[in-house]
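Dropping protein_10.cif in here (mmCIF, C-alpha atoms):
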```
data_upload
#
loop_
_atom_site.label_atom_id
_atom_site.label_comp_id
_atom_site.auth_asym_id
_atom_site.auth_seq_id
_atom_site.Cartn_x
_atom_site.Cartn_y
_atom_site.Cartn_z
CA MET Z 1 16.95 -32.62 -26.62
CA THR Z 2 20.69 -31.84 -26.54
CA GLU Z 3 22.51 -32.86 -23.35
CA THR Z 4 25.01 -30.31 -21.98
CA ILE Z 5 28.35 -31.90 -21.18
CA ALA Z 6 30.45 -30.15 -18.55
CA THR Z 7 33.95 -29.32 -19.75
CA PRO Z 8 36.89 -28.61 -17.43
CA ASP Z 9 36.32 -24.88 -18.02
CA THR Z 10 32.62 -25.02 -17.15
CA GLU Z 11 33.32 -27.23 -14.12
CA ALA Z 12 35.82 -24.68 -12.85
CA GLU Z 13 33.32 -21.87 -13.42
CA LEU Z 14 30.62 -23.77 -11.54
CA ALA Z 15 33.01 -24.44 -8.69
CA ARG Z 16 33.94 -20.74 -8.48
CA HIS Z 17 30.24 -19.82 -8.47
CA ALA Z 18 29.48 -22.32 -5.68
CA GLN Z 19 32.40 -21.00 -3.63
CA LYS Z 20 31.26 -17.39 -4.14
CA MET Z 21 27.68 -18.21 -3.09
CA ALA Z 22 28.93 -20.12 -0.03
CA LYS Z 23 30.86 -17.04 1.09
CA LYS Z 24 27.79 -14.86 0.56
CA LYS Z 25 25.63 -17.25 2.57
CA ALA Z 26 28.16 -17.35 5.42
CA ALA Z 27 28.28 -13.54 5.51
CA ARG Z 28 24.49 -13.33 5.42
CA ASP Z 29 24.17 -15.89 8.21
CA ARG Z 30 26.54 -13.85 10.39
CA ILE Z 31 24.43 -10.72 9.81
CA MET Z 32 21.17 -12.53 10.57
CA ALA Z 33 22.61 -14.05 13.75
CA GLY Z 34 22.76 -10.57 15.26
CA LYS Z 35 19.15 -9.68 14.30
CA ALA Z 36 17.14 -11.59 16.90
CA GLY Z 37 15.17 -8.65 18.30
CA GLU Z 38 11.56 -7.69 17.50
CA LYS Z 39 9.74 -4.37 17.93
CA GLY Z 40 6.67 -2.65 16.67
CA LEU Z 41 7.67 -0.47 13.75
CA ILE Z 42 6.56 2.95 12.56
CA ILE Z 43 6.46 2.56 8.79
CA VAL Z 44 6.02 5.38 6.27
CA HIS Z 45 5.12 4.93 2.60
CA THR Z 46 5.38 8.23 0.74
CA GLY Z 47 6.41 9.73 -2.59
CA ALA Z 48 4.69 10.75 -5.83
CA GLY Z 49 4.67 7.25 -7.31
CA LYS Z 50 1.86 4.69 -7.20
CA GLY Z 51 1.94 1.89 -4.64
CA LYS Z 52 1.83 3.51 -1.20
CA SER Z 53 -1.58 2.25 -0.16
CA SER Z 54 -1.15 -0.95 -2.18
CA SER Z 55 1.97 -1.79 -0.19
CA GLY Z 56 0.18 -1.04 3.07
CA PHE Z 57 -2.68 -3.35 2.14
CA GLY Z 58 -0.16 -6.01 1.19
CA MET Z 59 1.07 -5.90 4.78
CA ILE Z 60 -2.53 -6.12 6.03
CA LEU Z 61 -3.01 -9.31 3.98
CA ARG Z 62 0.21 -10.74 5.40
CA CYS Z 63 -1.15 -10.16 8.90
CA VAL Z 64 -4.43 -11.84 7.96
CA ALA Z 65 -2.54 -14.81 6.52
CA HIS Z 66 -0.65 -15.19 9.82
CA GLY Z 67 -3.87 -14.94 11.83
CA MET Z 68 -2.77 -11.61 13.31
CA PRO Z 69 -5.52 -9.08 14.14
CA CYS Z 70 -5.08 -5.82 12.23
CA ALA Z 71 -7.01 -2.67 11.32
CA VAL Z 72 -7.34 -0.02 8.61
CA VAL Z 73 -8.32 3.61 9.03
CA GLN Z 74 -8.80 5.46 5.73
CA PHE Z 75 -8.43 9.22 6.03
CA ILE Z 76 -9.26 10.29 2.46
CA LYS Z 77 -10.73 7.50 0.34
CA GLY Z 78 -13.70 6.76 2.56
CA ALA Z 79 -16.25 7.35 -0.18
CA TRP Z 80 -14.55 4.94 -2.60
CA ASP Z 81 -15.75 1.38 -3.13
CA THR Z 82 -12.34 -0.25 -3.23
CA GLY Z 83 -11.39 -3.86 -3.83
CA GLU Z 84 -9.39 -3.97 -0.61
CA ARG Z 85 -12.38 -2.83 1.43
CA ARG Z 86 -14.71 -5.35 -0.22
CA LEU Z 87 -12.31 -8.23 0.30
CA LEU Z 88 -11.46 -7.49 3.92
CA MET Z 89 -15.00 -6.70 5.06
CA THR Z 90 -16.53 -9.65 3.23
CA HIS Z 91 -14.03 -12.39 4.06
CA PHE Z 92 -11.75 -11.27 6.89
CA ALA Z 93 -13.83 -9.02 9.14
CA ASP Z 94 -13.01 -11.31 12.07
CA LEU Z 95 -9.31 -10.44 11.74
CA CYS Z 96 -9.28 -6.96 10.19
CA GLN Z 97 -11.31 -3.96 11.26
CA PHE Z 98 -11.93 -1.47 8.45
CA HIS Z 99 -12.90 2.14 9.16
CA ALA Z 100 -13.44 4.46 6.18
CA MET Z 101 -13.47 7.88 7.85
CA GLY Z 102 -12.69 10.24 4.97
CA GLU Z 103 -15.15 11.85 2.60
CA GLY Z 104 -12.94 12.07 -0.47
CA PHE Z 105 -10.10 14.30 -1.53
CA THR Z 106 -10.22 17.88 -0.23
CA TRP Z 107 -10.93 19.29 -3.70
CA GLU Z 108 -14.03 17.06 -3.87
CA THR Z 109 -15.57 18.09 -0.55
CA GLN Z 110 -14.57 21.77 -0.93
CA ASP Z 111 -15.34 22.13 2.76
CA LYS Z 112 -12.31 22.55 5.03
CA THR Z 113 -14.35 22.32 8.22
CA ARG Z 114 -15.78 18.95 7.18
CA ASP Z 115 -12.35 17.71 6.12
CA ILE Z 116 -10.82 18.63 9.47
CA ALA Z 117 -13.70 17.01 11.35
CA ALA Z 118 -13.34 13.81 9.31
CA ALA Z 119 -9.57 13.75 9.90
CA ARG Z 120 -10.05 14.25 13.64
CA ALA Z 121 -12.63 11.44 13.77
CA GLY Z 122 -10.21 9.20 11.88
CA TRP Z 123 -7.39 10.01 14.27
CA GLU Z 124 -9.55 9.31 17.34
CA LYS Z 125 -10.45 5.90 15.89
CA ALA Z 126 -6.78 5.29 15.03
CA LYS Z 127 -5.71 6.00 18.61
CA GLU Z 128 -8.32 3.57 19.92
CA LEU Z 129 -7.09 0.82 17.61
CA ILE Z 130 -3.39 1.44 18.21
CA ARG Z 131 -3.88 1.35 22.00
CA ASP Z 132 -5.34 -2.17 21.73
CA PRO Z 133 -2.35 -4.50 22.23
CA SER Z 134 -4.18 -7.40 20.56
CA ILE Z 135 -4.08 -5.55 17.19
CA ARG Z 136 -0.66 -6.16 15.66
CA LEU Z 137 -0.74 -3.73 12.72
CA VAL Z 138 -2.74 -0.56 12.05
CA LEU Z 139 -2.74 0.99 8.57
CA LEU Z 140 -3.39 4.74 8.55
CA ASP Z 141 -4.13 5.11 4.86
CA GLU Z 142 -3.51 8.60 3.41
CA ILE Z 143 -2.93 10.16 6.84
CA ASN Z 144 0.05 12.02 5.36
CA ILE Z 145 -2.37 14.13 3.30
CA ALA Z 146 -4.28 15.12 6.45
CA LEU Z 147 -0.96 16.01 8.09
CA ARG Z 148 0.22 17.92 5.03
CA TYR Z 149 -2.83 20.20 5.12
CA ASP Z 150 -2.55 20.54 8.93
CA TYR Z 151 -5.93 18.90 9.47
CA LEU Z 152 -4.12 16.97 12.21
CA ASP Z 153 -1.39 18.23 14.50
CA LEU Z 154 1.86 16.46 13.61
CA GLY Z 155 3.31 16.95 17.09
CA GLU Z 156 0.29 15.25 18.65
CA VAL Z 157 0.56 12.29 16.27
CA LEU Z 158 4.29 11.84 16.91
CA GLU Z 159 3.91 12.13 20.68
CA PHE Z 160 1.12 9.55 20.70
CA LEU Z 161 3.16 7.09 18.64
CA ARG Z 162 6.17 7.61 20.90
CA LEU Z 163 4.36 7.33 24.24
CA GLU Z 164 1.25 5.21 23.72
CA LYS Z 165 1.90 2.74 20.90
CA PRO Z 166 2.31 -0.75 22.39
CA PRO Z 167 5.86 -2.12 21.98
CA LEU Z 168 4.98 -4.80 19.39
CA THR Z 169 2.36 -2.90 17.38
CA HIS Z 170 3.25 -1.85 13.83
CA VAL Z 171 1.76 1.38 12.47
CA VAL Z 172 1.86 2.14 8.73
CA LEU Z 173 1.30 5.72 7.56
CA THR Z 174 0.76 6.28 3.83
CA GLY Z 175 0.39 9.26 1.53
CA ARG Z 176 2.63 11.57 -0.45
CA ASN Z 177 4.56 14.50 1.05
CA ALA Z 178 5.28 12.90 4.42
CA LYS Z 179 6.65 15.55 6.73
CA ASP Z 180 10.33 15.50 7.64
CA GLU Z 181 9.65 15.03 11.36
CA LEU Z 182 7.59 11.91 10.65
CA ILE Z 183 10.29 10.50 8.40
CA GLU Z 184 12.86 11.13 11.15
CA ALA Z 185 10.71 9.35 13.75
CA ALA Z 186 9.94 6.32 11.55
CA ASP Z 187 11.78 3.00 11.64
CA LEU Z 188 11.14 2.19 7.98
CA VAL Z 189 10.55 4.71 5.19
CA THR Z 190 9.91 3.92 1.53
CA GLU Z 191 9.55 6.61 -1.13
CA MET Z 192 7.66 5.60 -4.26
CA THR Z 193 9.22 7.36 -7.25
CA LEU Z 194 7.02 8.31 -10.19
CA VAL Z 195 8.65 7.22 -13.45
CA LYS Z 196 5.61 6.80 -15.68
CA HIS Z 197 1.85 6.82 -15.07
CA PRO Z 198 -1.04 6.14 -17.50
CA PHE Z 199 -3.07 9.05 -16.06
CA ARG Z 200 -0.73 11.40 -17.93
CA ALA Z 201 -1.69 9.63 -21.15
CA GLY Z 202 -5.40 10.13 -20.53
CA ILE Z 203 -6.12 6.77 -18.87
CA LYS Z 204 -8.45 7.00 -15.89
CA ALA Z 205 -8.09 5.09 -12.61
CA GLN Z 206 -9.13 1.47 -13.15
CA ALA Z 207 -10.56 -1.26 -10.93
CA GLY Z 208 -7.95 -3.81 -9.95
CA VAL Z 209 -5.10 -1.35 -10.49
CA GLU Z 210 -5.90 1.83 -8.57
CA PHE Z 211 -8.87 0.70 -6.46
#
```
Let me see the file written as structure tokens.
Amino acid sequence: MTETIATPDTEAELARHAQKMAKKKAARDRIMAGKAGEKGLIIVHTGAGKGKSSSGFGMILRCVAHGMPCAVVQFIKGAWDTGERRLLMTHFADLCQFHAMGEGFTWETQDKTRDIAAARAGWEKAKELIRDPSIRLVLLDEINIALRYDYLDLGEVLEFLRLEKPPLTHVVLTGRNAKDELIEAADLVTEMTLVKHPFRAGIKAQAGVEF
């Protein structure tokens, strides 16, 4: 093994790097010093790319790891046997409530009346969970699709979140095509951009990746 010997040039470079990082840390510390507040966030994950629900479930697992009660309401994928659902209901049902209210994508049910009824039932359950101040995070998975098709009234959803959500409760709303008014009302918005997807190459959805 060859030992690296510091030369005057490398020592100067290392010193410059250390000085640069020290300045960055000092600037970061000043920023963080002014960020002491906490509040319950309205969080939107949207866009055509994969990862919207996956990110939401990642936040659910963070809550579970911190011993924080949380809940999931699925508006579309209720008929799917997903890994997230299996894991949470089998091992963490004491911390995470899981309510699969949907009956599948609208082109699968082919029944608008049923879709609207399922969306309404999901929203009623969501309101019940969000009102409970002991639940710290509620994931409304694929609710943006129900809002996009006007199965739910956007104004009602926004008014409820503004007036009835407890101050420290986080609510995560996922699904593509989030409406502009929801994006405006949210505290945190992430848009997943589609760059490449195996479905376009004829690869079907796979366990462990999509569900």
Point to revise | Residues matched by the PyMOL selection byres ((chain Z and resi 53-62) around 7), written as a VMD selection string | key: chain Z and resid 51 to 52 63 to 66 70 139 141 172 174
Go ahead and write the selection's residues with C-alpha atoms as a PDB file, keeping the file's coordinate frame.
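Below you can see part-v7.pdb, which holds the result:
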```pdb
ATOM      1  CA  GLY Z  51       1.940   1.890  -4.640  1.00  0.00           C
ATOM      2  CA  LYS Z  52       1.830   3.510  -1.200  1.00  0.00           C
ATOM      3  CA  CYS Z  63      -1.150 -10.160   8.900  1.00  0.00           C
ATOM      4  CA  VAL Z  64      -4.430 -11.840   7.960  1.00  0.00           C
ATOM      5  CA  ALA Z  65      -2.540 -14.810   6.520  1.00  0.00           C
ATOM      6  CA  HIS Z  66      -0.650 -15.190   9.820  1.00  0.00           C
ATOM      7  CA  CYS Z  70      -5.080  -5.820  12.230  1.00  0.00           C
ATOM      8  CA  LEU Z 139      -2.740   0.990   8.570  1.00  0.00           C
ATOM      9  CA  ASP Z 141      -4.130   5.110   4.860  1.00  0.00           C
ATOM     10  CA  VAL Z 172       1.860   2.140   8.730  1.00  0.00           C
ATOM     11  CA  THR Z 174       0.760   6.280   3.830  1.00  0.00           C
TER      12      THR Z 174
END
```
Practice item. Decode the PyMOL selection byres ((chain Z and resi 189) around 12) for the given file into explicit residues and return them as number ranges by chain. Key: Z: 41-47, 52, 171-176, 178-180, 182-188, 190-192
Exercise for review: For CA of Glu181 in chain Z and CA of Gly155 in chain Z, quote the distance in Å rounded to one decimal.
Suggested key: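 Result for CA of Glu181 in chain Z versus CA of Gly155 in chain Z: 8.8 Å, one decimal.
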Check your understanding: So what does the PyMOL selection byres ((chain Z and resi 128) around 12) actually pick up in this one, as an MDAnalysis selection string?
Key -> chainID Z and resid 71:73 97 99 121:127 129:135 138 160 164:166
Review point. At what distance in Å, to one decimal, does CA of His170 in chain Z lie from CA of Arg85 in chain Z?
Key: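 Here the two named atoms are 20.0 Å from each other.
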Review point. Between CA of Met101 in chain Z and CA of Ala119 in chain Z, what is the distance, to one decimal in Å?
Key: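 Between these atoms lies a distance of 7.3 Å.
If only C-alpha atoms are the atoms counted, then among Z:Gln74, Z:Thr82, Z:Thr169, Z:Thr193 the closest residue to Ala205 in chain Z is Z:Thr82.
Of the residues under consideration (Z:Val195, Z:Phe75, Z:Ala22, Z:Ala118), Z:Phe75 shows the shortest atom-to-atom contact distance to Ile143 in chain Z when counting only C-alpha atoms.
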With 8 Å on each side, where is the centre of the axis-aligned box around all listed atoms of range 157-174 of chain Z, and how long are its edges in Å to one decimal, as AutoDock Vina command-line options?
```
--center_x 3.4 --center_y 3.7 --center_z 14.0 --size_x 21.6 --size_y 33.1 --size_z 36.4
```
Study note, to complete from the structure: Using only C-alpha atoms, the residue out of Z:Leu152, Z:Ala207, Z:Ala93, Z:Ala12 with shortest distance to Ile116 in chain Z is Z:Leu152
